[in-house]
file query-v8.csv (CSV, C-alpha atoms and all ligand atoms)
chain,number,residue,atom,x,y,z
A,210,MET,CA,-23.7,27.6,-18.5
A,211,VAL,CA,-20.9,26.3,-16.4
A,212,THR,CA,-18.8,23.6,-18.0
A,213,LEU,CA,-17.3,20.8,-15.9
A,214,GLU,CA,-13.9,22.1,-16.7
A,215,ALA,CA,-14.8,25.4,-15.1
A,216,GLN,CA,-15.8,23.6,-11.9
A,217,CYS,CA,-12.4,21.9,-11.6
A,218,ILE,CA,-9.4,23.6,-10.0
A,219,THR,CA,-5.9,22.4,-9.9
A,220,LEU,CA,-3.4,22.7,-7.1
A,221,HIS,CA,0.2,23.2,-8.0
A,222,ILE,CA,2.0,22.4,-4.8
A,223,PRO,CA,5.6,21.4,-5.3
A,224,VAL,CA,6.4,18.0,-3.8
A,225,GLN,CA,8.4,18.2,-0.7
A,226,VAL,CA,12.1,17.7,-1.1
A,227,ILE,CA,13.0,15.0,1.4
A,228,MET,CA,16.4,14.0,0.2
A,229,ASP,CA,19.7,15.7,0.4
A,230,VAL,CA,22.2,15.7,-2.4
A,231,ARG,CA,23.7,12.4,-1.3
A,232,LEU,CA,20.3,10.8,-2.0
A,233,MET,CA,19.5,12.8,-5.0
A,234,PRO,CA,17.7,10.1,-6.9
A,235,VAL,CA,17.9,9.0,-10.5
A,236,PHE,CA,14.4,7.9,-10.4
A,237,HIS,CA,12.5,10.4,-8.4
A,238,SER,CA,9.9,12.6,-10.1
A,239,SER,CA,7.2,14.9,-9.1
A,240,SER,CA,3.7,13.6,-9.3
A,241,GLU,CA,1.0,15.2,-11.5
A,242,PRO,CA,-0.9,18.1,-9.8
A,243,TRP,CA,-3.8,17.1,-7.7
A,244,THR,CA,-7.2,18.1,-9.1
A,245,GLY,CA,-10.9,17.7,-8.4
A,246,ARG,CA,-14.2,19.6,-8.5
A,247,SER,CA,-14.8,22.6,-6.3
A,248,ASP,CA,-18.2,23.5,-4.9
A,249,PRO,CA,-17.7,27.0,-3.3
A,250,GLU,CA,-21.5,27.6,-3.4
A,251,ASP,CA,-21.8,25.0,-0.6
A,252,GLY,CA,-19.5,26.8,1.8
A,253,PRO,CA,-16.2,26.0,3.5
A,254,LEU,CA,-17.1,22.4,4.5
A,255,ALA,CA,-17.5,21.4,0.8
A,256,LYS,CA,-13.9,20.2,0.6
A,257,ARG,CA,-12.4,17.3,-1.2
A,258,VAL,CA,-9.1,15.5,-0.5
A,259,PHE,CA,-7.1,17.3,-3.3
A,260,GLU,CA,-7.5,20.6,-1.4
A,261,PHE,CA,-5.6,19.2,1.6
A,262,VAL,CA,-2.3,18.5,-0.2
A,263,SER,CA,0.1,20.8,1.5
A,264,LYS,CA,3.8,21.3,2.4
A,265,SER,CA,3.2,20.1,5.9
A,266,GLY,CA,1.2,17.6,7.8
A,267,SER,CA,1.6,14.4,9.8
A,268,ARG,CA,0.8,12.1,6.8
A,269,ALA,CA,2.7,11.7,3.6
A,270,VAL,CA,2.1,9.9,0.3
A,271,ILE,CA,4.9,8.5,-1.9
A,272,GLY,CA,4.4,6.5,-5.2
A,273,PHE,CA,6.4,3.6,-6.5
A,274,ALA,CA,5.7,3.7,-10.2
A,275,SER,CA,7.0,0.3,-11.2
A,276,GLU,CA,5.8,-2.7,-13.1
A,277,ALA,CA,9.2,-4.4,-13.4
A,278,GLY,CA,8.4,-6.9,-10.6
A,279,VAL,CA,5.0,-7.8,-12.2
A,280,ALA,CA,6.7,-8.4,-15.6
A,281,ARG,CA,9.3,-10.6,-13.9
A,282,ASN,CA,6.5,-12.4,-12.1
A,283,LYS,CA,4.9,-13.2,-15.5
A,284,GLY,CA,1.9,-11.0,-14.7
A,285,ARG,CA,0.1,-8.6,-16.9
A,286,THR,CA,1.8,-5.2,-16.7
A,287,GLY,CA,0.2,-1.7,-16.1
A,288,ALA,CA,0.9,-1.2,-12.4
A,289,LYS,CA,3.4,1.6,-13.2
A,290,GLU,CA,0.5,3.9,-13.7
A,291,GLY,CA,-1.0,2.9,-10.4
A,292,PRO,CA,0.2,5.8,-8.3
A,293,ALA,CA,-1.2,8.5,-10.7
A,294,ALA,CA,-4.6,6.7,-10.9
A,295,LEU,CA,-4.8,6.4,-7.2
A,296,ARG,CA,-3.9,10.0,-6.5
A,297,LYS,CA,-6.5,11.1,-9.1
A,298,SER,CA,-9.3,9.0,-7.5
A,299,LEU,CA,-8.3,9.9,-4.0
A,300,GLY,CA,-8.1,13.6,-4.7
A,301,GLY,CA,-11.8,13.7,-5.8
A,302,LEU,CA,-13.2,12.0,-2.7
A,303,ALA,CA,-15.1,14.2,-0.2
A,304,ALA,CA,-12.8,15.0,2.8
A,305,PRO,CA,-14.3,13.5,6.0
A,306,HIS,CA,-14.7,15.4,9.2
A,307,GLY,CA,-11.4,16.3,10.8
A,308,PHE,CA,-9.4,15.4,7.7
A,309,ALA,CA,-5.9,17.1,7.9
A,310,SER,CA,-3.5,18.3,5.4
A,311,PHE,CA,-0.9,15.9,4.0
A,312,VAL,CA,2.3,16.0,1.9
A,313,ASP,CA,2.9,14.4,-1.5
A,314,LEU,CA,6.5,13.3,-1.8
A,315,GLY,CA,6.3,12.4,-5.5
A,316,ASP,CA,7.2,9.1,-7.1
A,317,VAL,CA,10.1,6.8,-7.3
A,318,VAL,CA,9.9,5.8,-11.0
A,319,VAL,CA,11.4,2.5,-12.2
A,320,ASP,CA,12.1,2.6,-15.9
A,321,GLY,CA,12.5,-0.7,-17.6
A,322,ASP,CA,13.8,-3.6,-15.5
A,323,ASP,CA,15.9,-1.7,-12.9
A,324,LEU,CA,13.8,-2.9,-10.0
A,325,GLU,CA,16.5,-3.4,-7.4
A,326,ALA,CA,17.8,0.2,-7.7
A,327,GLY,CA,14.2,1.4,-7.5
A,328,GLN,CA,13.5,-0.6,-4.3
A,329,LYS,CA,16.7,0.7,-2.7
A,330,GLN,CA,15.6,4.3,-3.5
A,331,LEU,CA,12.1,3.7,-2.2
A,332,GLY,CA,13.6,2.4,1.0
A,333,GLU,CA,15.9,5.5,1.3
A,334,HIS,CA,13.0,7.9,0.8
A,335,ILE,CA,10.8,6.0,3.3
A,336,ASP,CA,13.6,5.9,5.9
A,337,ARG,CA,14.0,9.7,5.5
A,338,ALA,CA,10.2,10.4,5.4
A,339,LEU,CA,9.7,8.5,8.7
A,340,GLU,CA,11.7,11.1,10.5
A,341,THR,CA,9.0,13.7,9.7
A,342,TYR,CA,5.7,11.9,9.2
A,343,ASP,CA,3.7,9.7,11.6
A,344,ARG,CA,2.4,7.7,8.7
A,345,VAL,CA,3.7,7.2,5.2
A,346,MET,CA,1.3,5.8,2.5
A,347,VAL,CA,3.0,4.1,-0.4
A,348,PHE,CA,1.1,3.8,-3.6
A,349,GLY,CA,2.5,1.0,-5.8
A,350,GLY,CA,3.4,-0.4,-8.2
A,351,GLY,CA,3.5,-4.2,-8.1
A,352,HIS,CA,3.9,-5.9,-4.8
A,353,ASP,CA,7.7,-5.7,-5.2
A,354,THR,CA,6.9,-2.3,-3.6
A,355,ALA,CA,6.8,-4.2,-0.3
A,356,TYR,CA,10.5,-5.0,-0.3
A,357,GLY,CA,11.5,-1.4,-0.8
A,358,SER,CA,9.0,-0.3,1.9
A,359,TYR,CA,10.3,-2.9,4.4
A,360,LEU,CA,13.9,-1.8,3.7
A,361,GLY,CA,13.0,1.8,4.6
A,362,LEU,CA,11.0,0.8,7.7
A,363,SER,CA,13.5,-1.7,9.1
A,364,THR,CA,16.4,0.8,8.5
A,365,HIS,CA,14.5,3.5,10.3
A,366,PHE,CA,13.5,1.3,13.2
A,367,PRO,CA,16.4,-1.2,13.6
A,368,ASP,CA,15.6,-2.2,17.2
A,369,LYS,CA,11.8,-2.4,17.0
A,370,LYS,CA,9.9,-5.6,16.5
A,371,ILE,CA,8.0,-5.3,13.2
A,372,GLY,CA,5.0,-7.4,12.4
A,373,ILE,CA,3.9,-7.6,8.7
A,374,ILE,CA,0.2,-7.8,7.9
A,375,ASN,CA,-0.5,-8.5,4.2
A,376,LEU,CA,-4.0,-8.3,2.9
A,377,ASP,CA,-3.6,-10.4,-0.2
A,378,ALA,CA,-4.8,-13.3,-2.2
A,379,HIS,CA,-1.2,-14.4,-2.6
A,380,LEU,CA,1.5,-15.3,-0.1
A,381,ASP,CA,4.2,-13.6,-2.3
A,382,LEU,CA,6.8,-16.0,-0.8
A,383,ARG,CA,8.2,-17.3,-4.0
A,384,ASN,CA,11.9,-18.2,-4.2
A,385,ILE,CA,13.9,-15.9,-6.4
A,386,GLY,CA,14.1,-17.4,-9.9
A,387,ALA,CA,16.2,-16.7,-13.0
A,388,ALA,CA,14.4,-13.4,-13.6
A,389,GLY,CA,15.4,-12.1,-10.1
A,390,PRO,CA,13.2,-10.6,-7.4
A,391,SER,CA,9.7,-9.9,-8.4
A,392,SER,CA,6.2,-9.0,-7.2
A,393,GLY,CA,5.9,-12.6,-6.1
A,394,THR,CA,9.0,-12.7,-3.9
A,395,PRO,CA,9.0,-9.7,-1.4
A,396,PHE,CA,8.2,-11.6,1.8
A,397,ASN,CA,10.7,-14.3,1.0
A,398,GLN,CA,13.3,-11.6,0.5
A,399,ILE,CA,12.3,-10.0,3.8
A,400,ARG,CA,12.6,-13.3,5.6
A,401,GLN,CA,16.0,-13.9,4.1
A,402,SER,CA,17.2,-10.5,5.4
A,403,ALA,CA,16.4,-11.5,9.0
A,404,PRO,CA,14.9,-15.0,9.5
A,405,GLU,CA,14.6,-14.7,13.2
A,406,ALA,CA,12.7,-11.5,13.1
A,407,PHE,CA,10.2,-12.6,10.4
A,408,ASP,CA,6.7,-12.2,11.7
A,409,TYR,CA,4.2,-12.4,8.9
A,410,LEU,CA,0.4,-12.6,8.8
A,411,CYS,CA,-1.3,-13.0,5.4
A,412,ILE,CA,-5.1,-12.4,5.3
A,413,GLY,CA,-7.3,-13.2,2.3
A,414,VAL,CA,-5.2,-16.0,0.8
A,415,ALA,CA,-6.9,-17.9,-2.1
A,416,ARG,CA,-5.9,-21.6,-2.2
A,417,GLU,CA,-6.1,-21.8,-6.0
A,418,SER,CA,-3.6,-19.0,-6.4
A,419,ASN,CA,-0.9,-20.5,-4.2
A,420,THR,CA,0.9,-23.7,-4.9
A,421,GLN,CA,1.5,-26.4,-2.3
A,422,ALA,CA,5.1,-25.4,-2.4
A,423,LEU,CA,4.2,-21.9,-1.2
A,424,LEU,CA,1.8,-23.1,1.5
A,425,ALA,CA,4.4,-25.6,2.8
A,426,ARG,CA,7.0,-22.8,2.9
A,427,ALA,CA,4.6,-20.6,4.8
A,428,LYS,CA,4.0,-23.4,7.3
A,429,GLU,CA,7.7,-24.0,7.7
A,430,TRP,CA,8.3,-20.3,8.4
A,431,GLY,CA,5.5,-19.9,10.9
A,432,VAL,CA,3.4,-17.7,8.7
A,433,GLU,CA,-0.1,-17.2,9.9
A,434,ILE,CA,-2.8,-17.4,7.2
A,435,VAL,CA,-6.4,-16.4,7.1
A,436,PHE,CA,-8.0,-17.9,4.0
A,437,ASP,CA,-10.5,-15.9,1.8
A,438,ASP,CA,-13.2,-18.5,2.3
A,439,ALA,CA,-12.9,-18.2,6.1
A,440,LEU,CA,-13.5,-14.5,5.8
A,441,LEU,CA,-16.6,-15.2,3.7
A,442,ARG,CA,-18.0,-17.3,6.5
A,443,ASP,CA,-16.9,-14.9,9.3
A,444,ALA,CA,-16.0,-11.3,8.3
A,445,ASP,CA,-14.3,-10.9,11.7
A,446,GLY,CA,-12.1,-13.9,11.1
A,447,GLY,CA,-8.9,-11.7,11.0
A,448,ARG,CA,-9.5,-10.1,14.4
A,449,GLU,CA,-7.7,-12.6,16.6
A,450,PRO,CA,-4.4,-12.9,14.7
A,451,ILE,CA,-4.3,-9.1,14.1
A,452,ILE,CA,-4.8,-8.4,17.9
A,453,SER,CA,-2.2,-11.0,18.8
A,454,MET,CA,0.3,-9.4,16.4
A,455,ALA,CA,-0.3,-5.9,17.7
A,456,GLN,CA,0.2,-7.3,21.3
A,457,ARG,CA,3.6,-8.8,20.5
A,458,CYS,CA,5.0,-6.2,18.1
A,459,ASP,CA,6.2,-2.6,18.5
A,460,ILE,CA,5.2,-1.7,14.9
A,461,ILE,CA,2.9,-3.1,12.3
A,462,TYR,CA,3.6,-2.7,8.6
A,463,LEU,CA,0.4,-3.0,6.7
A,464,THR,CA,0.5,-3.8,3.0
A,465,ILE,CA,-2.7,-4.1,1.0
A,466,ASP,CA,-2.7,-5.9,-2.3
A,467,ILE,CA,-6.0,-4.8,-3.8
A,468,ASP,CA,-6.1,-8.1,-5.8
A,469,LEU,CA,-7.5,-9.8,-2.7
A,470,MET,CA,-10.9,-8.3,-3.6
A,471,PRO,CA,-13.3,-10.0,-6.1
A,472,HIS,CA,-12.7,-9.4,-9.8
A,473,PHE,CA,-15.9,-7.4,-10.1
A,474,GLN,CA,-14.8,-5.1,-7.3
A,475,ALA,CA,-11.2,-4.9,-8.4
A,476,PRO,CA,-10.8,-5.7,-12.1
A,477,GLY,CA,-7.9,-3.3,-12.5
A,478,VAL,CA,-5.2,-5.4,-11.0
A,479,SER,CA,-2.3,-7.5,-12.3
A,480,ALA,CA,-4.1,-10.7,-11.3
A,481,PRO,CA,-7.9,-10.5,-10.6
A,482,ALA,CA,-9.4,-12.9,-8.0
A,483,ALA,CA,-12.2,-15.4,-8.8
A,484,ARG,CA,-13.6,-15.4,-5.3
A,485,GLY,CA,-12.1,-12.6,-3.4
A,486,VAL,CA,-12.7,-10.9,-0.1
A,487,PRO,CA,-15.6,-8.4,-0.3
A,488,PHE,CA,-14.7,-4.7,-0.1
A,489,ALA,CA,-16.7,-4.2,3.1
A,490,THR,CA,-14.7,-7.0,4.8
A,491,VAL,CA,-11.5,-5.5,3.7
A,492,GLU,CA,-12.6,-2.2,5.2
A,493,HIS,CA,-13.4,-4.0,8.4
A,494,LEU,CA,-9.9,-5.6,8.4
A,495,VAL,CA,-8.3,-2.2,7.9
A,496,ASP,CA,-10.4,-0.8,10.8
A,497,THR,CA,-9.5,-3.8,12.9
A,498,VAL,CA,-5.7,-3.3,12.3
A,499,GLN,CA,-6.0,0.4,13.2
A,500,GLN,CA,-8.0,-0.3,16.3
A,501,ALA,CA,-5.7,-3.1,17.4
A,502,CYS,CA,-2.7,-0.8,17.0
A,503,THR,CA,-4.3,2.0,19.0
A,504,GLU,CA,-5.4,-0.3,21.8
A,505,ASN,CA,-2.1,-2.1,22.1
A,506,ASP,CA,0.3,0.8,21.8
A,507,CYS,CA,1.6,-0.5,18.5
A,508,ALA,CA,2.6,2.0,15.8
A,509,LEU,CA,1.3,1.9,12.2
A,510,PRO,CA,3.8,4.1,10.5
A,511,LEU,CA,3.8,2.6,7.0
A,512,VAL,CA,1.0,1.4,4.7
A,513,ASP,CA,1.2,0.2,1.1
A,514,LEU,CA,-1.6,-0.1,-1.4
A,515,VAL,CA,-0.3,-2.1,-4.4
A,516,GLU,CA,-1.1,-3.8,-7.7
A,517,LEU,CA,-3.5,-1.2,-9.1
A,518,SER,CA,-3.3,-1.5,-12.8
A,519,PRO,CA,-5.4,1.3,-14.4
A,520,ILE,CA,-5.2,0.0,-17.9
A,521,HIS,CA,-7.3,-3.0,-16.8
A,522,ASP,CA,-9.7,-1.0,-14.7
A,523,ILE,CA,-13.4,-0.5,-15.6
A,524,ASN,CA,-14.8,3.0,-15.0
A,525,GLY,CA,-12.1,3.7,-12.5
A,526,MET,CA,-13.8,1.4,-9.9
A,527,THR,CA,-10.6,-0.3,-8.8
A,528,ALA,CA,-8.9,3.0,-8.3
A,529,LYS,CA,-11.8,4.3,-6.3
A,530,THR,CA,-11.9,1.2,-4.2
A,531,ALA,CA,-8.2,1.6,-3.4
A,532,ALA,CA,-8.7,5.4,-2.8
A,533,VAL,CA,-11.4,4.7,-0.2
A,534,LEU,CA,-9.1,2.4,1.6
A,535,ALA,CA,-6.3,5.0,1.4
A,536,LEU,CA,-8.6,7.7,2.8
A,537,SER,CA,-9.6,5.6,5.8
A,538,LEU,CA,-5.9,5.1,6.6
A,539,MET,CA,-5.1,8.8,6.2
A,540,THR,CA,-7.9,10.0,8.4
A,601,MN,MN,0.6,-9.5,-3.5
call {"tool": "encode", "arguments": {"input": "query-v8.csv", "output": "structure tokens", "more": "lines below"}}
Ligand SMILES: [Mn+2]
result
Amino acid sequence: MVTLEAQCITLHIPVQVIMDVRLMPVFHSSSEPWTGRSDPEDGPLAKRVFEFVSKSGSRAVIGFASEAGVARNKGRTGAKEGPAALRKSLGGLAAPHGFASFVDLGDVVVDGDDLEAGQKQLGEHIDRALETYDRVMVFGGGHDTAYGSYLGLSTHFPDKKIGIINLDAHLDLRNIGAAGPSSGTPFNQIRQSAPEAFDYLCIGVARESNTQALLARAKEWGVEIVFDDALLRDADGGREPIISMAQRCDIIYLTIDIDLMPHFQAPGVSAPAARGVPFATVEHLVDTVQQACTENDCALPLVDLVELSPIHDINGMTAKTAAVLALSLMT
């Protein structure tokens, strides 16, 4: 009799050290080893994603283990465990045809409320990682991840025109309140850093989850919005604005808040959606972004997957949903 445990193997590959001593982080830690089942009796094609973690590759993963921004945004916490849950789920997926090795850069860990320092470190790691990798995948963390991500991207590409595509039920354009920056403020902060350069498309927005103040701010700032109900009527409703952004920008920064999906598809998030955009439509949006970038010579070097909150998940389904999206963006 073979136990399940006997079928599982663990890879102990040290995380790549991407920082020099000057950047030696207070927060950085190695991630847990990647594991999954092994089916050697099925031959060399029976591989799963965890077997592709390597010291080299064109793709990299970095975690932002933080729920400080969610706590400041008065949300339910748990997102700090998001990167570990996402790795675990991703590692067990069957590797598709042509899947290549990738590098795990470990986690930037925010203990307590020290969000700003964590975002700064995340930005430094991403800036450095973009020297080596064609695409960096960031596993959050609350959506405050996005401010750190953008810091890294804009530092690395100071002269490029960056368009932001956010797949999200929320605009995340809140003004900074007494608690400071949060998971509700990242795109407001990004705009503040360079108002003229701000080019933001938010897809999947739920009217009931965004106040009139936020919708008015979006309008004032020229933010393009595709509402969730529009995508329910037409799953291709994001195509036109996505292509238009890819045509006018050098780089697209894609950030995916998995809370845009319905509560039954993504229960394990900080703020579940009542209506939500179906998973298949989100997959289609992701494909559309990748295709639009390829066809318009626009780079897609940085992608976030944020707001996974494993403590609220059911049977790991939210983690698996996020992992399938991650896999499509790493293939
Ligand atoms: Mn969000």
call {"tool": "atom_distance", "arguments": {"input": "query-v8.csv", "atom1": "CA of Met526 (chain A)", "atom2": "CA of Glu417 (chain A)"}}
result
24.8 Å
call {"tool": "closest_residue", "arguments": {"input": "query-v8.csv", "among": "A:Thr364, A:Ser265, A:Thr286, A:Thr464", "to": "ligand MN 601 (chain A)", "atoms": "all atoms listed in the file"}}
result
A:Thr464
call {"tool": "atom_distance", "arguments": {"input": "query-v8.csv", "atom1": "CA of Arg484 (chain A)", "atom2": "CA of Asp377 (chain A)"}}
result
12.3 Å
call {"tool": "residues_near_ligand", "arguments": {"input": "query-v8.csv", "ligand": "ligand MN 601 (chain A)", "cutoff": "7 Å", "atoms": "all atoms listed in the file", "output": "PyMOL selection string"}}
result
chain A and resi 352+377-381+392-393+466
call {"tool": "residues_around", "arguments": {"input": "query-v8.csv", "residues": "Gln474 (chain A)", "least_positions_apart": "4", "cutoff": "8 Å", "atoms": "only C-alpha atoms", "output": "list in words"}}
result
Met470, Pro487, Phe488, Met526, Thr527 and Thr530 of chain A
call {"tool": "atom_distance", "arguments": {"input": "query-v8.csv", "atom1": "CA of Thr497 (chain A)", "atom2": "CA of Asp468 (chain A)"}}
result
19.5 Å
call {"tool": "closest_residue", "arguments": {"input": "query-v8.csv", "among": "A:Leu538, A:Val279, A:Ala255, A:Leu339", "to": "Ala303 (chain A)", "atoms": "all atoms listed in the file"}}
result
A:Ala255
call {"tool": "residues_near_point", "arguments": {"input": "query-v8.csv", "point": "(-4.4, 10.2, -1.6)", "cutoff": "8 Å", "atoms": "only C-alpha atoms", "output": "ChimeraX atom specification"}}
result
/A:258-259,270,295-300,532,535-536,539
call {"tool": "write_last_selection", "arguments": {"input": "query-v8.csv", "atoms": "C-alpha atoms", "output": "PDB file, keeping the file's coordinate frame"}}
result
ATOM      1  CA  VAL A 258      -9.100  15.500  -0.500  1.00  0.00           C
ATOM      2  CA  PHE A 259      -7.100  17.300  -3.300  1.00  0.00           C
ATOM      3  CA  VAL A 270       2.100   9.900   0.300  1.00  0.00           C
ATOM      4  CA  LEU A 295      -4.800   6.400  -7.200  1.00  0.00           C
ATOM      5  CA  ARG A 296      -3.900  10.000  -6.500  1.00  0.00           C
ATOM      6  CA  LYS A 297      -6.500  11.100  -9.100  1.00  0.00           C
ATOM      7  CA  SER A 298      -9.300   9.000  -7.500  1.00  0.00           C
ATOM      8  CA  LEU A 299      -8.300   9.900  -4.000  1.00  0.00           C
ATOM      9  CA  GLY A 300      -8.100  13.600  -4.700  1.00  0.00           C
ATOM     10  CA  ALA A 532      -8.700   5.400  -2.800  1.00  0.00           C
ATOM     11  CA  ALA A 535      -6.300   5.000   1.400  1.00  0.00           C
ATOM     12  CA  LEU A 536      -8.600   7.700   2.800  1.00  0.00           C
ATOM     13  CA  MET A 539      -5.100   8.800   6.200  1.00  0.00           C
TER      14      MET A 539
END
call {"tool": "residues_near_point", "arguments": {"input": "query-v8.csv", "point": "(-4.4, 1.0, -18.0)", "cutoff": "9 Å", "atoms": "all atoms listed in the file", "output": "compact mmCIF listing (two decimals) with C-alpha atoms, keeping the file's coordinate frame"}}
result
# COMPACT_ATOMS: atom_id res chain seq x y z
CA THR A 286 1.80 -5.20 -16.70
CA GLY A 287 0.20 -1.70 -16.10
CA ALA A 288 0.90 -1.20 -12.40
CA GLU A 290 0.50 3.90 -13.70
CA GLY A 291 -1.00 2.90 -10.40
CA GLY A 477 -7.90 -3.30 -12.50
CA SER A 518 -3.30 -1.50 -12.80
CA PRO A 519 -5.40 1.30 -14.40
CA ILE A 520 -5.20 0.00 -17.90
CA HIS A 521 -7.30 -3.00 -16.80
CA ASP A 522 -9.70 -1.00 -14.70
call {"tool": "closest_residue", "arguments": {"input": "query-v8.csv", "among": "A:Cys411, A:Ala531, A:Met454, A:Ala388", "to": "Val498 (chain A)", "atoms": "only C-alpha atoms"}}
result
A:Met454
call {"tool": "residues_around", "arguments": {"input": "query-v8.csv", "residues": "Ile452 (chain A)", "least_positions_apart": "4", "cutoff": "8 Å", "atoms": "only C-alpha atoms", "output": "list of chain:residue names"}}
result
A:Arg448, A:Gln456, A:Val498, A:Ala501, A:Cys502
call {"tool": "closest_residue", "arguments": {"input": "query-v8.csv", "among": "A:Leu494, A:Leu382, A:Ala277, A:Leu511", "to": "Gln421 (chain A)", "atoms": "all atoms listed in the file"}}
result
A:Leu382
call {"tool": "closest_residue", "arguments": {"input": "query-v8.csv", "among": "A:Pro390, A:Pro395, A:Gly278, A:Gly525", "to": "Ala355 (chain A)", "atoms": "only C-alpha atoms"}}
result
A:Pro395
call {"tool": "residues_around", "arguments": {"input": "query-v8.csv", "residues": "Asp368 (chain A)", "least_positions_apart": "2", "cutoff": "12 Å", "atoms": "only C-alpha atoms", "output": "list of chain:residue names"}}
result
A:Leu362, A:Ser363, A:Thr364, A:His365, A:Phe366, A:Lys370, A:Ile371, A:Ala406, A:Cys458, A:Asp459, A:Ile460
call {"tool": "write_last_selection", "arguments": {"input": "query-v8.csv", "atoms": "C-alpha atoms", "output": "PDB file, in the coordinates of the input"}}
result
ATOM      1  CA  LEU A 362      11.000   0.800   7.700  1.00  0.00           C
ATOM      2  CA  SER A 363      13.500  -1.700   9.100  1.00  0.00           C
ATOM      3  CA  THR A 364      16.400   0.800   8.500  1.00  0.00           C
ATOM      4  CA  HIS A 365      14.500   3.500  10.300  1.00  0.00           C
ATOM      5  CA  PHE A 366      13.500   1.300  13.200  1.00  0.00           C
ATOM      6  CA  LYS A 370       9.900  -5.600  16.500  1.00  0.00           C
ATOM      7  CA  ILE A 371       8.000  -5.300  13.200  1.00  0.00           C
ATOM      8  CA  ALA A 406      12.700 -11.500  13.100  1.00  0.00           C
ATOM      9  CA  CYS A 458       5.000  -6.200  18.100  1.00  0.00           C
ATOM     10  CA  ASP A 459       6.200  -2.600  18.500  1.00  0.00           C
ATOM     11  CA  ILE A 460       5.200  -1.700  14.900  1.00  0.00           C
TER      12      ILE A 460
END
call {"tool": "closest_residue", "arguments": {"input": "query-v8.csv", "among": "A:Ala422, A:Val491, A:Ala480, A:Val512", "to": "Ile271 (chain A)", "atoms": "only C-alpha atoms"}}
result
A:Val512
call {"tool": "residues_around", "arguments": {"input": "query-v8.csv", "residues": "Phe261 (chain A)", "least_positions_apart": "6", "cutoff": "8 Å", "atoms": "only C-alpha atoms", "output": "count of residues only"}}
result
3
call {"tool": "decode", "arguments": {"input": "query-v8.csv", "residues": "region 469-483 of chain A", "atoms": "N, CA and C atoms", "output": "CSV table (one decimal), in the first residue's frame"}}
result
chain,number,residue,atom,x,y,z
A,469,LEU,N,-12.9,40.2,-7.4
A,469,LEU,CA,-13.8,40.5,-8.5
A,469,LEU,C,-14.7,39.4,-8.9
A,470,MET,N,-14.3,38.1,-8.5
A,470,MET,CA,-15.1,37.0,-8.8
A,470,MET,C,-16.2,36.8,-7.8
A,471,PRO,N,-17.3,36.0,-8.2
A,471,PRO,CA,-18.4,35.9,-7.2
A,471,PRO,C,-18.0,35.1,-5.9
A,472,HIS,N,-18.7,35.4,-4.9
A,472,HIS,CA,-18.4,34.8,-3.6
A,472,HIS,C,-18.3,33.3,-3.6
A,473,PHE,N,-19.0,32.7,-4.5
A,473,PHE,CA,-19.0,31.2,-4.5
A,473,PHE,C,-17.8,30.7,-5.2
A,474,GLN,N,-17.2,31.5,-6.1
A,474,GLN,CA,-15.9,31.2,-6.8
A,474,GLN,C,-14.7,31.6,-6.0
A,475,ALA,N,-14.9,32.7,-5.3
A,475,ALA,CA,-13.7,33.2,-4.5
A,475,ALA,C,-14.2,33.7,-3.1
A,476,PRO,N,-14.5,32.7,-2.3
A,476,PRO,CA,-14.9,33.0,-0.9
A,476,PRO,C,-13.8,33.5,0.0
A,477,GLY,N,-12.6,33.0,-0.4
A,477,GLY,CA,-11.4,33.3,0.5
A,477,GLY,C,-10.7,34.6,0.1
A,478,VAL,N,-11.4,35.7,0.3
A,478,VAL,CA,-10.8,37.0,0.0
A,478,VAL,C,-11.2,37.9,1.2
A,479,SER,N,-10.6,39.1,1.2
A,479,SER,CA,-10.9,40.0,2.3
A,479,SER,C,-12.3,40.5,2.2
A,480,ALA,N,-12.8,40.7,0.9
A,480,ALA,CA,-14.2,41.3,0.8
A,480,ALA,C,-14.9,40.6,-0.4
A,481,PRO,N,-15.7,39.5,-0.1
A,481,PRO,CA,-16.3,38.7,-1.2
A,481,PRO,C,-17.4,39.6,-1.9
A,482,ALA,N,-17.6,39.2,-3.2
A,482,ALA,CA,-18.5,39.9,-4.1
A,482,ALA,C,-19.8,39.2,-4.1
A,483,ALA,N,-20.9,40.0,-4.1
A,483,ALA,CA,-22.3,39.4,-4.2
A,483,ALA,C,-22.5,39.0,-5.6
